[in-house]
Amino acid sequence: MNIELEDAECEGYTDFRISESIDSEGIVSEISPDIAICEDCIKDLKLQPHRLSYPFINCTNCGPRFSIVKDFPYDRANTTMDIFPMCPNCELEYNDIYDRRFHAQPVACNHCGPRYSLYYSGKSVENIDEILNLLTGLLEAGKIISIKGLGGFHIMCDAANERTVKRLRDSKQREGKPFAVMFSGIEAIQKVSNISKAELRSLLSWRRPITLLKAPKNNLAESVCLGFDTIGAFLPYMPIHYMMFEKMKLDALVLTSGNISEEPIITHNKDALKILEPICDAVLTYNREIYNRTDDSVIKVINNTERVFRRSRGYAPNPVYLKYHIEGIFAAGAELVNCFCIGKGKQAILSQHIGDLKNYETYHFYKQAFHTFEKVFRFKPQWVVTDLHPDYLSTRFGEELSKETIKVQHHHAHIASCMAENHLDEPVIGLSFDGTGLGDDNTIWGSEFFVADLSSYQRVSHFGYIELPGGDKATYEPWRIAVSYLYKVFGEDFMDMELDFMKDIPDYQIRLILTAIDKKINCPVSCSAGRLFDAVAALINVCTFSKFHAEAPMRLESFATKEIKGYYDFDVSKSISFKPMIQQIVNDMLKMEKKEVISTKFHNTVAQAIFEETNRIRSLAGIKKVALSGGTFQNCYLAERLENMFLKNGYEVFTQKSIPCNDGGIALGQLAIAAKRLNNG
Ligand code: ZN
Ligand code: ZN
Ligand code: FE
C-alpha cells in the first residue's frame, strides 16, 4: 500500500485540535482489547534513551487497553495510568501528531511510568536489569515464579524440567489439565509442532491467543501435556516476556494462570503475595492496577479457520455488530463457562471469559464485571434474558435485576449465537450438541436437531436418552455412563464380560448403579452428546474418572485419526439409537482391537448419524442452511469431518468462529432471541 502526504488548506473549520472527550449517554465508542507489543516498540527498547529496557513501553499500536479501563471515555484519567503523571518527554510525544505515541493513553517511560518489583527470599528488587538477571537465573535453575501479566497473574517455570513442572502441578492443585506454554519464538514452536499457515497467523496475531496445536512428540516435560497430543502454545506479548527470553537459554516456559484450582486468576498484588508467594519461589509484580481481569484467550484452527474457545485477552470487549437494535438488553449467559452480553445500539458486547459461576469467587467476578460494563459502556439493563435453568446463578442474578425476565432454551441460544455471528435471520437447520442444557420438557438435552429461526425452534430429532446414575456425579465419573449403556444393551450379562475399565471398579459399586437405574433413584435421563462421548471414553478405558471438564471427550479425540475409515451401526426411528454401536464397540474391545480404530470409528459413526438425520430434515423442510454450535464442536475431528460432509453435499454451513461454540457464546444467542421477540412484540 502507498500513502502520499500533501498539505492542504483547512476547509469549513478555522483550526484543528483534539478536544477533551465529552461524556454523553448512549454514545459509546469501542474500547479496544489489549494489544501485544508491536515491532517498533521492541526496537525502541534498545534505541530510545528514555525507554531503554523500559518494560511498560507502548504506543498507539500496542499495549494495554481494556485491562486498564475504569470508565468511559477512554482517556488516561479514566484508566489505571491515572496515578502516573507524564514526564515532559512523554508529554511531548503524546501531543505530537506526527509521533507514534500521539494520544497513546498508557504512554510512559523510565522516568514516569509503572515499575516492576521482584520479591525473592525476603527482599524486594526494583532495578530492571537486576530483576532480569535474577529472574532468568531462577527460571534456569528450575524455580517457579509468579509474574503479573496484562489481565492477571501467571505462574511460570521451565517447561522442559519435569521435576519443576510436577511441583507446580501439585501446588496448584491442578491434577489433569494441560498447561499452556509460552515459546520464545516461532522457531521454538516449530521444534514441537508442524504448524499450518492458519496456525502461524493466529500465533503471530496482535491478539496473541493460546493456540492449540498438535504436538504428539515433543521434548517438554511430561507433566505439561499429561499424555494429550495437543499443546496450548503462545508467543510473548508483553515487553517483559521478550526481555526474559532474550536473556535466557530456555525457549519454552509453562505460563499458567495464577490461581489456585478453579478460582479466577489473581489480579491484585496483595493477593498474589498472600496466595501465590507460598507456592512460588519468587513473585514479580508491578505498581499499575489491573482493573479488568482477562485470561489468556484460547483458539484452535479447524478447517483452516480460527475458532475461539475462550474469549478474553485480545478479543474482549470487541462487539458483534448486529443488523437490529438491541440497546438495553442484558443476557446473563449460562453457568459453566460463563460470559454475559450487553446490547448497545446495534453492538452486542460480550464480556471477557468469566468461568464457572458455581465457584463463589467466580460468581463475585461475574457481578463485578457486570457493574464495570454498566459504568464503562453507560449501560442500563431494560430487559433481562436468562437460560431456562432455574438454578443457574446467572438466571438468579438476572431475576434479581428484573422481575420479568425473558427465558431462552439453552440449545436454541447456541444456534441463535451462531446465527447472530453469521448475520442470519431466517430458518435454518440448527445442530446443537453439547454436555448439558435444560430442555423445555424438563429433561437434560444435548443432541438437538432443530428447525429454528431467531424467534422459535422446532425440535425435530435427538439422540436416544440414557440414565445418568448419580446425576452430576456421572459427569466426573464417565464409567457410570458406560455402565448405564452396557445395562441398556446387554442387561446384566455385561457383568460377565472381561472389559478392562471394569477391573478398577468394585462389583458392588456396579450393582449399586444397576439398582439405582431400576428403581430410578437419582438417575436423571439425558440425550446429551457429551455424555455419549464420556461413555465411550470409559468403555475403551481412556478415561473412567474425569479430572476436569470435558477430559473424557478430549482423551477420546486424541485417539482418532484420519487414516482409519469406516463406522459402526446405529438405528434411526423416533430418535437416533447408538445401541448397535455400543454392541460393536464391546465386541471390538473383547477382540483387543486398537483404541485408535475404535475411537475413529466412533467419531465417524456420530458424524454419519448427524449427517443422515440432517439430510432427512433437509428433504422435509427444504432448508439447506445448517448452523452448528455447542461444545461438542470443539472436537476438531468431528467438526472438520461433519463440516466437509455438509459442504460436499451442497449445504450452506455456518459455524462459530470469533464467538465460542461452547457455553461462552450462549449470551450472544440469548440476546439475539430476546431482541427478536421484543421486536415481534
Ligand atoms: Zn508499540
Ligand atoms: Zn515519561
Ligand atoms: Fe451448552
# chains A, B, ... in the order shown; residues from 1 in each chain; ligands from 1
call {"tool": "residues_near_ligand", "arguments": {"ligand": "ligand 3", "cutoff": "8 Å", "atoms": "only C-alpha atoms and all ligand atoms", "output": "list in words"}}
result
Ala334, His410, His411, His414, Phe433, Asp434, Gly435, Thr436, Gly437, Gly446, Gly630, Gly631, Asn662, Asp663 and Ile666 of chain A
call {"tool": "closest_atom_pairs", "arguments": {"of": "chain A", "to": "ligand 1", "cutoff": "9 Å", "atoms": "only C-alpha atoms and all ligand atoms", "output": "JSON lines"}}
result
{"residue": "A:Ile35", "atom": "CA", "partner": "ligand 1", "partner_atom_place_in_ligand_line": "1 (Zn)", "distance": 8.9}
{"residue": "A:Ala36", "atom": "CA", "partner": "ligand 1", "partner_atom_place_in_ligand_line": "1 (Zn)", "distance": 8.2}
{"residue": "A:Ile37", "atom": "CA", "partner": "ligand 1", "partner_atom_place_in_ligand_line": "1 (Zn)", "distance": 5.4}
{"residue": "A:Cys38", "atom": "CA", "partner": "ligand 1", "partner_atom_place_in_ligand_line": "1 (Zn)", "distance": 4.3}
{"residue": "A:Glu39", "atom": "CA", "partner": "ligand 1", "partner_atom_place_in_ligand_line": "1 (Zn)", "distance": 6.7}
{"residue": "A:Asp40", "atom": "CA", "partner": "ligand 1", "partner_atom_place_in_ligand_line": "1 (Zn)", "distance": 5.7}
{"residue": "A:Cys41", "atom": "CA", "partner": "ligand 1", "partner_atom_place_in_ligand_line": "1 (Zn)", "distance": 4.3}
{"residue": "A:Ile42", "atom": "CA", "partner": "ligand 1", "partner_atom_place_in_ligand_line": "1 (Zn)", "distance": 7.5}
{"residue": "A:Asp44", "atom": "CA", "partner": "ligand 1", "partner_atom_place_in_ligand_line": "1 (Zn)", "distance": 8.7}
{"residue": "A:Ile57", "atom": "CA", "partner": "ligand 1", "partner_atom_place_in_ligand_line": "1 (Zn)", "distance": 7.2}
{"residue": "A:Asn58", "atom": "CA", "partner": "ligand 1", "partner_atom_place_in_ligand_line": "1 (Zn)", "distance": 4.5}
{"residue": "A:Cys59", "atom": "CA", "partner": "ligand 1", "partner_atom_place_in_ligand_line": "1 (Zn)", "distance": 4.0}
{"residue": "A:Thr60", "atom": "CA", "partner": "ligand 1", "partner_atom_place_in_ligand_line": "1 (Zn)", "distance": 6.3}
{"residue": "A:Asn61", "atom": "CA", "partner": "ligand 1", "partner_atom_place_in_ligand_line": "1 (Zn)", "distance": 4.9}
{"residue": "A:Cys62", "atom": "CA", "partner": "ligand 1", "partner_atom_place_in_ligand_line": "1 (Zn)", "distance": 4.3}
{"residue": "A:Gly63", "atom": "CA", "partner": "ligand 1", "partner_atom_place_in_ligand_line": "1 (Zn)", "distance": 6.6}
{"residue": "A:Arg100", "atom": "CA", "partner": "ligand 1", "partner_atom_place_in_ligand_line": "1 (Zn)", "distance": 7.9}
{"residue": "A:Arg101", "atom": "CA", "partner": "ligand 1", "partner_atom_place_in_ligand_line": "1 (Zn)", "distance": 8.2}
call {"tool": "select_by_dssp", "arguments": {"residues": "region 264-396 of chain A", "states": "strand (DSSP E)", "output": "PDB file with N, CA and C atoms, in the first residue's frame"}}
result
ATOM      1  N   ALA A 282       9.475 -16.997  43.797  1.00  0.00           N
ATOM      2  CA  ALA A 282       9.583 -15.543  43.731  1.00  0.00           C
ATOM      3  C   ALA A 282       8.314 -14.992  43.098  1.00  0.00           C
ATOM      4  N   VAL A 283       8.008 -13.716  43.388  1.00  0.00           N
ATOM      5  CA  VAL A 283       6.819 -13.079  42.805  1.00  0.00           C
ATOM      6  C   VAL A 283       7.236 -11.762  42.165  1.00  0.00           C
ATOM      7  N   LEU A 284       6.855 -11.597  40.899  1.00  0.00           N
ATOM      8  CA  LEU A 284       7.161 -10.359  40.187  1.00  0.00           C
ATOM      9  C   LEU A 284       5.865  -9.561  40.004  1.00  0.00           C
ATOM     10  N   THR A 285       5.792  -8.395  40.625  1.00  0.00           N
ATOM     11  CA  THR A 285       4.591  -7.557  40.497  1.00  0.00           C
ATOM     12  C   THR A 285       4.971  -6.238  39.839  1.00  0.00           C
ATOM     13  N   TYR A 286       3.975  -5.430  39.522  1.00  0.00           N
ATOM     14  CA  TYR A 286       4.230  -4.037  39.132  1.00  0.00           C
ATOM     15  C   TYR A 286       3.165  -3.166  39.767  1.00  0.00           C
ATOM     16  N   VAL A 298      -8.063 -18.654  24.165  1.00  0.00           N
ATOM     17  CA  VAL A 298      -7.670 -19.944  23.591  1.00  0.00           C
ATOM     18  C   VAL A 298      -8.375 -20.148  22.258  1.00  0.00           C
ATOM     19  N   ILE A 299      -7.599 -20.513  21.242  1.00  0.00           N
ATOM     20  CA  ILE A 299      -8.203 -20.772  19.929  1.00  0.00           C
ATOM     21  C   ILE A 299      -7.700 -22.099  19.389  1.00  0.00           C
ATOM     22  N   LYS A 300      -8.433 -22.601  18.395  1.00  0.00           N
ATOM     23  CA  LYS A 300      -7.947 -23.768  17.662  1.00  0.00           C
ATOM     24  C   LYS A 300      -8.272 -23.548  16.194  1.00  0.00           C
ATOM     25  N   VAL A 301      -7.384 -23.952  15.324  1.00  0.00           N
ATOM     26  CA  VAL A 301      -7.679 -23.844  13.902  1.00  0.00           C
ATOM     27  C   VAL A 301      -8.385 -25.121  13.473  1.00  0.00           C
ATOM     28  N   ILE A 302      -9.612 -24.973  12.961  1.00  0.00           N
ATOM     29  CA  ILE A 302     -10.374 -26.107  12.435  1.00  0.00           C
ATOM     30  C   ILE A 302     -10.741 -25.760  10.996  1.00  0.00           C
ATOM     31  N   THR A 305      -9.683 -22.344   9.639  1.00  0.00           N
ATOM     32  CA  THR A 305     -10.111 -21.071  10.207  1.00  0.00           C
ATOM     33  C   THR A 305     -10.001 -21.112  11.725  1.00  0.00           C
ATOM     34  N   GLU A 306      -9.688 -19.936  12.274  1.00  0.00           N
ATOM     35  CA  GLU A 306      -9.532 -19.824  13.719  1.00  0.00           C
ATOM     36  C   GLU A 306     -10.897 -19.941  14.401  1.00  0.00           C
ATOM     37  N   ARG A 307     -10.986 -20.755  15.436  1.00  0.00           N
ATOM     38  CA  ARG A 307     -12.208 -20.859  16.247  1.00  0.00           C
ATOM     39  C   ARG A 307     -11.824 -20.494  17.673  1.00  0.00           C
ATOM     40  N   VAL A 308     -12.522 -19.522  18.221  1.00  0.00           N
ATOM     41  CA  VAL A 308     -12.209 -19.081  19.580  1.00  0.00           C
ATOM     42  C   VAL A 308     -12.930 -19.980  20.583  1.00  0.00           C
ATOM     43  N   PHE A 309     -12.181 -20.578  21.481  1.00  0.00           N
ATOM     44  CA  PHE A 309     -12.774 -21.425  22.528  1.00  0.00           C
ATOM     45  C   PHE A 309     -12.930 -20.652  23.838  1.00  0.00           C
ATOM     46  N   ARG A 310     -11.913 -19.857  24.172  1.00  0.00           N
ATOM     47  CA  ARG A 310     -12.011 -18.998  25.361  1.00  0.00           C
ATOM     48  C   ARG A 310     -11.691 -17.588  24.903  1.00  0.00           C
ATOM     49  N   PRO A 319     -17.081  -5.808  19.940  1.00  0.00           N
ATOM     50  CA  PRO A 319     -18.504  -6.138  19.807  1.00  0.00           C
ATOM     51  C   PRO A 319     -18.793  -7.001  18.572  1.00  0.00           C
ATOM     52  N   VAL A 320     -19.962  -7.611  18.562  1.00  0.00           N
ATOM     53  CA  VAL A 320     -20.500  -8.236  17.352  1.00  0.00           C
ATOM     54  C   VAL A 320     -21.547  -7.252  16.835  1.00  0.00           C
ATOM     55  N   TYR A 321     -21.421  -6.843  15.575  1.00  0.00           N
ATOM     56  CA  TYR A 321     -22.389  -5.896  15.008  1.00  0.00           C
ATOM     57  C   TYR A 321     -23.599  -6.646  14.491  1.00  0.00           C
ATOM     58  N   ILE A 329     -30.586  -4.534  26.361  1.00  0.00           N
ATOM     59  CA  ILE A 329     -30.810  -5.954  26.670  1.00  0.00           C
ATOM     60  C   ILE A 329     -29.584  -6.518  27.388  1.00  0.00           C
ATOM     61  N   PHE A 330     -29.816  -7.160  28.524  1.00  0.00           N
ATOM     62  CA  PHE A 330     -28.742  -7.848  29.239  1.00  0.00           C
ATOM     63  C   PHE A 330     -28.983  -9.353  29.152  1.00  0.00           C
ATOM     64  N   ALA A 331     -28.021 -10.081  28.610  1.00  0.00           N
ATOM     65  CA  ALA A 331     -28.123 -11.537  28.531  1.00  0.00           C
ATOM     66  C   ALA A 331     -27.164 -12.129  29.557  1.00  0.00           C
ATOM     67  N   CYS A 341     -23.582 -10.785  28.098  1.00  0.00           N
ATOM     68  CA  CYS A 341     -23.575  -9.930  26.917  1.00  0.00           C
ATOM     69  C   CYS A 341     -24.512  -8.750  27.138  1.00  0.00           C
ATOM     70  N   ILE A 342     -24.083  -7.556  26.703  1.00  0.00           N
ATOM     71  CA  ILE A 342     -24.972  -6.397  26.793  1.00  0.00           C
ATOM     72  C   ILE A 342     -25.219  -5.849  25.391  1.00  0.00           C
ATOM     73  N   GLY A 343     -26.387  -5.217  25.217  1.00  0.00           N
ATOM     74  CA  GLY A 343     -26.713  -4.606  23.937  1.00  0.00           C
ATOM     75  C   GLY A 343     -26.539  -3.099  24.006  1.00  0.00           C
ATOM     76  N   LYS A 344     -25.728  -2.536  23.097  1.00  0.00           N
ATOM     77  CA  LYS A 344     -25.529  -1.078  22.997  1.00  0.00           C
ATOM     78  C   LYS A 344     -25.794  -0.704  21.551  1.00  0.00           C
ATOM     79  N   GLN A 347     -24.656  -2.911  18.752  1.00  0.00           N
ATOM     80  CA  GLN A 347     -23.475  -3.694  19.125  1.00  0.00           C
ATOM     81  C   GLN A 347     -23.791  -4.656  20.278  1.00  0.00           C
ATOM     82  N   ALA A 348     -23.505  -5.942  20.051  1.00  0.00           N
ATOM     83  CA  ALA A 348     -23.599  -6.914  21.139  1.00  0.00           C
ATOM     84  C   ALA A 348     -22.204  -7.036  21.734  1.00  0.00           C
ATOM     85  N   ILE A 349     -22.072  -6.618  22.992  1.00  0.00           N
ATOM     86  CA  ILE A 349     -20.744  -6.638  23.616  1.00  0.00           C
ATOM     87  C   ILE A 349     -20.683  -7.774  24.626  1.00  0.00           C
ATOM     88  N   LEU A 350     -19.902  -8.789  24.282  1.00  0.00           N
ATOM     89  CA  LEU A 350     -19.733  -9.940  25.175  1.00  0.00           C
ATOM     90  C   LEU A 350     -18.658  -9.622  26.200  1.00  0.00           C
ATOM     91  N   TRP A 383     -34.144  -4.877  29.636  1.00  0.00           N
ATOM     92  CA  TRP A 383     -34.687  -6.231  29.504  1.00  0.00           C
ATOM     93  C   TRP A 383     -33.607  -7.220  29.893  1.00  0.00           C
ATOM     94  N   VAL A 384     -34.022  -8.256  30.598  1.00  0.00           N
ATOM     95  CA  VAL A 384     -33.058  -9.245  31.055  1.00  0.00           C
ATOM     96  C   VAL A 384     -33.439 -10.598  30.482  1.00  0.00           C
ATOM     97  N   VAL A 385     -32.463 -11.298  29.916  1.00  0.00           N
ATOM     98  CA  VAL A 385     -32.736 -12.605  29.335  1.00  0.00           C
ATOM     99  C   VAL A 385     -31.807 -13.642  29.962  1.00  0.00           C
ATOM    100  N   THR A 386     -32.385 -14.772  30.347  1.00  0.00           N
ATOM    101  CA  THR A 386     -31.602 -15.817  31.018  1.00  0.00           C
ATOM    102  C   THR A 386     -31.902 -17.190  30.407  1.00  0.00           C
ATOM    103  N   ASP A 387     -31.144 -18.176  30.842  1.00  0.00           N
ATOM    104  CA  ASP A 387     -31.392 -19.567  30.478  1.00  0.00           C
ATOM    105  C   ASP A 387     -32.687 -20.041  31.146  1.00  0.00           C
TER     106      ASP A 387
END
call {"tool": "residues_near_ligand", "arguments": {"ligand": "ligand 2", "cutoff": "10 Å", "atoms": "only C-alpha atoms and all ligand atoms", "output": "list of chain:residue names"}}
result
A:His50, A:Arg51, A:Ile57, A:Phe84, A:Pro85, A:Met86, A:Cys87, A:Pro88, A:Asn89, A:Cys90, A:Glu91, A:Leu92, A:Glu93, A:Tyr94, A:Val107, A:Ala108, A:Cys109, A:Asn110, A:His111, A:Cys112, A:Gly113, A:Pro114
call {"tool": "residues_around", "arguments": {"residues": "Ile210 (chain A)", "least_positions_apart": "4", "cutoff": "8 Å", "atoms": "only C-alpha atoms", "output": "PyMOL selection string"}}
result
chain A and resi 180+203+232-234+296-299
call {"tool": "residues_around", "arguments": {"residues": "Val125 (chain A)", "least_positions_apart": "6", "cutoff": "10 Å", "atoms": "only C-alpha atoms", "output": "PyMOL selection string"}}
result
chain A and resi 116-119+131+134+284
call {"tool": "write_last_selection", "arguments": {"atoms": "N, CA, C and O atoms", "output": "PDB file, in the first residue's frame"}}
result
ATOM      1  N   TYR A 116       8.365  -2.568  37.853  1.00  0.00           N
ATOM      2  CA  TYR A 116       8.285  -3.908  38.415  1.00  0.00           C
ATOM      3  C   TYR A 116       8.982  -3.967  39.774  1.00  0.00           C
ATOM      4  O   TYR A 116       9.928  -3.209  40.022  1.00  0.00           O
ATOM      5  N   SER A 117       8.522  -4.888  40.639  1.00  0.00           N
ATOM      6  CA  SER A 117       9.256  -5.239  41.862  1.00  0.00           C
ATOM      7  C   SER A 117       9.307  -6.753  41.949  1.00  0.00           C
ATOM      8  O   SER A 117       8.277  -7.417  41.779  1.00  0.00           O
ATOM      9  N   LEU A 118      10.497  -7.289  42.208  1.00  0.00           N
ATOM     10  CA  LEU A 118      10.626  -8.733  42.361  1.00  0.00           C
ATOM     11  C   LEU A 118      10.813  -9.067  43.835  1.00  0.00           C
ATOM     12  O   LEU A 118      11.723  -8.548  44.485  1.00  0.00           O
ATOM     13  N   TYR A 119       9.917  -9.899  44.340  1.00  0.00           N
ATOM     14  CA  TYR A 119      10.020 -10.326  45.733  1.00  0.00           C
ATOM     15  C   TYR A 119      10.664 -11.703  45.766  1.00  0.00           C
ATOM     16  O   TYR A 119      10.121 -12.664  45.231  1.00  0.00           O
ATOM     17  N   ILE A 131      16.513  -7.267  38.184  1.00  0.00           N
ATOM     18  CA  ILE A 131      15.336  -8.160  38.168  1.00  0.00           C
ATOM     19  C   ILE A 131      15.507  -9.221  37.091  1.00  0.00           C
ATOM     20  O   ILE A 131      15.323 -10.413  37.323  1.00  0.00           O
ATOM     21  N   LEU A 134      18.173 -11.852  37.914  1.00  0.00           N
ATOM     22  CA  LEU A 134      17.720 -12.761  38.959  1.00  0.00           C
ATOM     23  C   LEU A 134      16.644 -13.719  38.430  1.00  0.00           C
ATOM     24  O   LEU A 134      16.706 -14.937  38.597  1.00  0.00           O
ATOM     25  N   LEU A 284       6.855 -11.597  40.899  1.00  0.00           N
ATOM     26  CA  LEU A 284       7.161 -10.359  40.187  1.00  0.00           C
ATOM     27  C   LEU A 284       5.865  -9.561  40.004  1.00  0.00           C
ATOM     28  O   LEU A 284       4.948 -10.010  39.320  1.00  0.00           O
TER      29      LEU A 284
END
